[in-house]
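Accompanying notes for the structure given below.
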There are 2 protein chains.
Amino acid sequence: MNLRERLKLYVITDRRLINEITGAREALEGGATAIQLRIKNTSTREMIEVGKKIRKLCDDFGALFFVNDRLDVALATNADGIHVGKEDMPVYMVREIAPNLIVGASARNPQEAKDAEKQGAHYIGAGSVFPTVSKDDAIVTGLETLRLIVESVSIPVVAIGGINHSNVREVMKTGVDGVAVISAIMGAKDIRKAAREMLLIIERDI
Amino acid sequence: MNLRERLKLYVITDRRLINEITGAREALEGGATAIQLRIKNTSTREMIEVGKKIRKLCDDFGALFFVNDRLDVALATNADGIHVGKEDMPVYMVREIAPNLIVGASARNPQEAKDAEKQGAHYIGAGSVFPTVSKDDAIVTGLETLRLIVESVSIPVVAIGGINHSNVREVMKTGVDGVAVISAIMGAKDIRKAAREMLLIIERDI
């Protein structure tokens, strides 16, 4: 399976919603194609322990495992990749230090997306498409900018920010390869079902 | 100069006392032989930017540059080494991922020191020798345990925790190779002078 297909349903952990390991397991059971460990305000040791467990789960389900921000944790857990934003390590530096990792980069507009691609990013996390509760200071790009980002680069684009079952269809129509989801899945009463249903909507459209 | 000598006066940054770069520069001017960047609660990007500046200063002064906890920041700034505690990445893992880095490990007793040495640590940070304001939850080991730690390993030992100009002499008498200092230097009105005077006391005793 190529990278584009494996970024179809990219689920991000959020301890405020559910324990990372339980959340990841249920999302994978529902069909998540990638999990990103996003964990802050705890020790590096705990991040590694949690990450190793999710790494194992992703192996079991044939899904990709990404770590947000922390290259040390990505290397220690043998992650497939790392996702970096503007406040994290620059993409070119990650590529130099860890040439075997898949590197995703956040972009809010076509210029940032092109810059990340030039630095060696393998995919773009574009958004925040809609307002989001997971990151209340996020800049909202909307669907039209998302479409422009998709057109601006040749690497895969994953949409992020406020994506849920009601809007994922119009998001996919912009040409993105997949969606990154936090609350609509990790905050669902039945995470497995929420993932499965979202995957069904996504697959109907590609 | 061998590692033992370069660990003689190991100064650790603390933003609560002074900006990391200014503090490091003045400590180096006063004769610090190593600087450790200890920085939390800010972005990885900022840690790397600050670290690169201190890396450069350490080069200028021929001092070693260490990063606390964060292997990603150590790799991105081309640090000489990393210091890890019980809540950080395990020593053996650091050695696997970054075989060229000097690895220091915290130990509170001879058993922890021996364990760290076995995992491949290059030096021990032993303490907290005295009660300390920099880390109020630290376990106090005292001078006798410090002596036992020194005897238990063949790698260099740096004492840490509550060390100041009044007690550094008795600390050095336990056989440690150097002292790690935060407040007695970074919290001094004249950091340069505080470092210089501490170095004089240390050198008088070895």
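All residue names refer to the structure tokens as shown: chains lettered A, B, ... in order, residues numbered from 1 in each chain, ligands numbered from 1 in order.
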Produce a table with one row for each residue of chain A that has an atom at most 12 Å from any atom of chain B, each row naming the nearest atom pair and its distance in Å at one decimal; use only C-alpha atoms; arrange rows by chain and rising residue number; format as a tab-separated table.
```
residue	atom	partner	partner_atom	distance
A:Lys40	CA	B:Asn41	CA	9.6
A:Asn41	CA	B:Asn41	CA	8.1
A:Thr42	CA	B:Glu87	CA	9.2
A:Ser43	CA	B:Glu87	CA	5.6
A:Thr44	CA	B:Asp88	CA	4.9
A:Arg45	CA	B:Asp88	CA	4.7
A:Glu46	CA	B:Glu87	CA	7.4
A:Met47	CA	B:Asp88	CA	9.3
A:Ile48	CA	B:Met89	CA	7.6
A:Glu49	CA	B:Met89	CA	9.8
A:Asn68	CA	B:Thr44	CA	11.2
A:Asp69	CA	B:Thr44	CA	7.6
A:Arg70	CA	B:Asp72	CA	6.9
A:Leu71	CA	B:Asp72	CA	5.4
A:Asp72	CA	B:Asp72	CA	4.7
A:Val73	CA	B:Asp72	CA	8.3
A:Ala74	CA	B:Asp72	CA	9.4
A:Leu75	CA	B:Ile97	CA	7.2
A:Ala76	CA	B:Met93	CA	6.9
A:Thr77	CA	B:Met93	CA	9.9
A:Asn78	CA	B:Ile97	CA	10.3
A:Ile82	CA	B:Asp72	CA	11.8
A:Val84	CA	B:Thr44	CA	9.8
A:Gly85	CA	B:Arg45	CA	9.4
A:Lys86	CA	B:Arg45	CA	7.8
A:Glu87	CA	B:Arg45	CA	5.1
A:Asp88	CA	B:Arg45	CA	4.7
A:Met89	CA	B:Arg45	CA	5.3
A:Pro90	CA	B:Arg45	CA	7.5
A:Val91	CA	B:Arg45	CA	11.0
A:Tyr92	CA	B:Ala76	CA	10.7
A:Met93	CA	B:Ala76	CA	6.9
A:Val94	CA	B:Ala76	CA	8.2
A:Arg95	CA	B:Ala76	CA	10.9
A:Glu96	CA	B:Ala76	CA	9.1
A:Ile97	CA	B:Leu75	CA	7.2
A:Ala98	CA	B:Leu75	CA	10.0
```
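For A:Arg6, the set of protein, DNA and RNA residues having any atom at most 10 Å away, when counting only C-alpha atoms and skipping those fewer than 4 positions along the same chain, is Met1, Asn2, Tyr10, Ala32, Thr33, Ala34, Gly62, Ala63, Leu64, Asp177 and Gly178 of chain A.
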Mind checking DSSP for chain B and telling me the alpha helix (DSSP H) residues as a VMD selection string? chain B and resid 3 to 6 20 to 29 44 to 61 71 to 76 91 to 97 110 to 119 142 to 152 168 to 172 183 to 186 191 to 204
Mind writing the picked residues with C-alpha atoms as an mmCIF file, in the first residue's frame?
```cif
data_model
loop_
_atom_site.group_PDB
_atom_site.id
_atom_site.type_symbol
_atom_site.label_atom_id
_atom_site.label_comp_id
_atom_site.auth_asym_id
_atom_site.auth_seq_id
_atom_site.Cartn_x
_atom_site.Cartn_y
_atom_site.Cartn_z
ATOM 1 C CA LEU B 3 36.133 13.846 30.254
ATOM 2 C CA ARG B 4 36.887 13.935 33.995
ATOM 3 C CA GLU B 5 38.583 17.302 33.735
ATOM 4 C CA ARG B 6 35.880 18.699 31.516
ATOM 5 C CA GLU B 20 19.836 30.579 29.209
ATOM 6 C CA ILE B 21 22.171 32.248 26.714
ATOM 7 C CA THR B 22 23.284 35.119 28.951
ATOM 8 C CA GLY B 23 23.709 32.730 31.854
ATOM 9 C CA ALA B 24 25.759 30.282 29.803
ATOM 10 C CA ARG B 25 27.975 33.025 28.375
ATOM 11 C CA GLU B 26 28.800 34.499 31.762
ATOM 12 C CA ALA B 27 29.366 31.092 33.359
ATOM 13 C CA LEU B 28 31.758 30.211 30.534
ATOM 14 C CA GLU B 29 33.590 33.514 30.955
ATOM 15 C CA THR B 44 11.056 22.314 20.425
ATOM 16 C CA ARG B 45 11.886 25.018 17.889
ATOM 17 C CA GLU B 46 12.861 27.452 20.642
ATOM 18 C CA MET B 47 14.869 24.791 22.492
ATOM 19 C CA ILE B 48 16.866 24.183 19.322
ATOM 20 C CA GLU B 49 17.439 27.883 18.686
ATOM 21 C CA VAL B 50 18.648 28.486 22.235
ATOM 22 C CA GLY B 51 20.703 25.297 22.170
ATOM 23 C CA LYS B 52 22.495 26.238 18.966
ATOM 24 C CA LYS B 53 23.595 29.533 20.496
ATOM 25 C CA ILE B 54 24.937 27.829 23.609
ATOM 26 C CA ARG B 55 26.622 25.185 21.429
ATOM 27 C CA LYS B 56 28.483 27.987 19.687
ATOM 28 C CA LEU B 57 29.468 29.634 22.983
ATOM 29 C CA CYS B 58 30.764 26.319 24.332
ATOM 30 C CA ASP B 59 32.853 25.904 21.191
ATOM 31 C CA ASP B 60 34.301 29.377 21.680
ATOM 32 C CA PHE B 61 35.312 28.541 25.240
ATOM 33 C CA LEU B 71 17.724 13.656 22.624
ATOM 34 C CA ASP B 72 16.015 15.388 19.708
ATOM 35 C CA VAL B 73 17.360 18.759 20.847
ATOM 36 C CA ALA B 74 20.801 17.265 21.524
ATOM 37 C CA LEU B 75 20.963 15.858 17.989
ATOM 38 C CA ALA B 76 19.602 19.021 16.373
ATOM 39 C CA VAL B 91 20.637 5.164 28.902
ATOM 40 C CA TYR B 92 20.909 2.034 26.735
ATOM 41 C CA MET B 93 18.360 3.461 24.312
ATOM 42 C CA VAL B 94 20.257 6.735 23.980
ATOM 43 C CA ARG B 95 23.437 4.751 23.310
ATOM 44 C CA GLU B 96 21.681 2.759 20.574
ATOM 45 C CA ILE B 97 20.135 5.767 18.855
ATOM 46 C CA PRO B 110 25.384 3.108 44.197
ATOM 47 C CA GLN B 111 22.921 0.630 42.683
ATOM 48 C CA GLU B 112 21.501 3.182 40.256
ATOM 49 C CA ALA B 113 25.008 4.356 39.411
ATOM 50 C CA LYS B 114 26.202 0.822 38.651
ATOM 51 C CA ASP B 115 23.104 0.161 36.582
ATOM 52 C CA ALA B 116 23.697 3.314 34.529
ATOM 53 C CA GLU B 117 27.354 2.389 34.016
ATOM 54 C CA LYS B 118 26.315 -1.071 32.825
ATOM 55 C CA GLN B 119 23.870 0.479 30.353
ATOM 56 C CA GLY B 142 24.178 13.379 51.620
ATOM 57 C CA LEU B 143 27.964 13.186 51.439
ATOM 58 C CA GLU B 144 28.383 9.617 52.647
ATOM 59 C CA THR B 145 26.166 8.160 49.896
ATOM 60 C CA LEU B 146 27.989 10.376 47.422
ATOM 61 C CA ARG B 147 31.276 8.798 48.506
ATOM 62 C CA LEU B 148 29.773 5.317 48.077
ATOM 63 C CA ILE B 149 28.559 6.223 44.572
ATOM 64 C CA VAL B 150 32.060 7.406 43.630
ATOM 65 C CA GLU B 151 33.487 4.090 44.848
ATOM 66 C CA SER B 152 30.850 2.022 43.056
ATOM 67 C CA VAL B 168 31.807 22.597 47.441
ATOM 68 C CA ARG B 169 35.056 21.860 49.277
ATOM 69 C CA GLU B 170 33.603 19.013 51.338
ATOM 70 C CA VAL B 171 31.814 17.751 48.216
ATOM 71 C CA MET B 172 35.077 17.534 46.280
ATOM 72 C CA SER B 183 21.490 28.460 41.636
ATOM 73 C CA ALA B 184 24.879 29.156 43.254
ATOM 74 C CA ILE B 185 26.049 30.340 39.823
ATOM 75 C CA MET B 186 23.014 31.091 37.630
ATOM 76 C CA ILE B 191 27.617 34.956 37.433
ATOM 77 C CA ARG B 192 31.127 35.285 36.039
ATOM 78 C CA LYS B 193 32.595 35.915 39.462
ATOM 79 C CA ALA B 194 30.519 33.136 41.063
ATOM 80 C CA ALA B 195 31.822 30.652 38.487
ATOM 81 C CA ARG B 196 35.413 31.832 38.781
ATOM 82 C CA GLU B 197 35.411 31.633 42.563
ATOM 83 C CA MET B 198 33.859 28.184 42.565
ATOM 84 C CA LEU B 199 36.440 26.946 40.081
ATOM 85 C CA LEU B 200 39.226 28.262 42.324
ATOM 86 C CA ILE B 201 37.877 26.323 45.294
ATOM 87 C CA ILE B 202 37.492 23.159 43.182
ATOM 88 C CA GLU B 203 40.989 23.377 41.753
ATOM 89 C CA ARG B 204 42.504 23.946 45.169
#
```
For the atom pair atom CA of A:Gly187 and atom CA of A:Gly104, what is the interatomic distance in Å to one decimal place? 23.7 Å
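Across the structure, atom CA of B:Ser128 and atom CA of B:Val140 are spaced 4.9 Å apart.
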Give me, as JSON, numbers by chain, the residues of stretch 5-138 of chain A that a backbone DSSP run labels strand (DSSP E). {"A": [9, 10, 11, 12, 34, 35, 36, 37, 64, 65, 66, 67, 68, 81, 82, 83, 84, 102, 103, 104, 105, 106, 107, 123, 124, 125, 126, 127]}
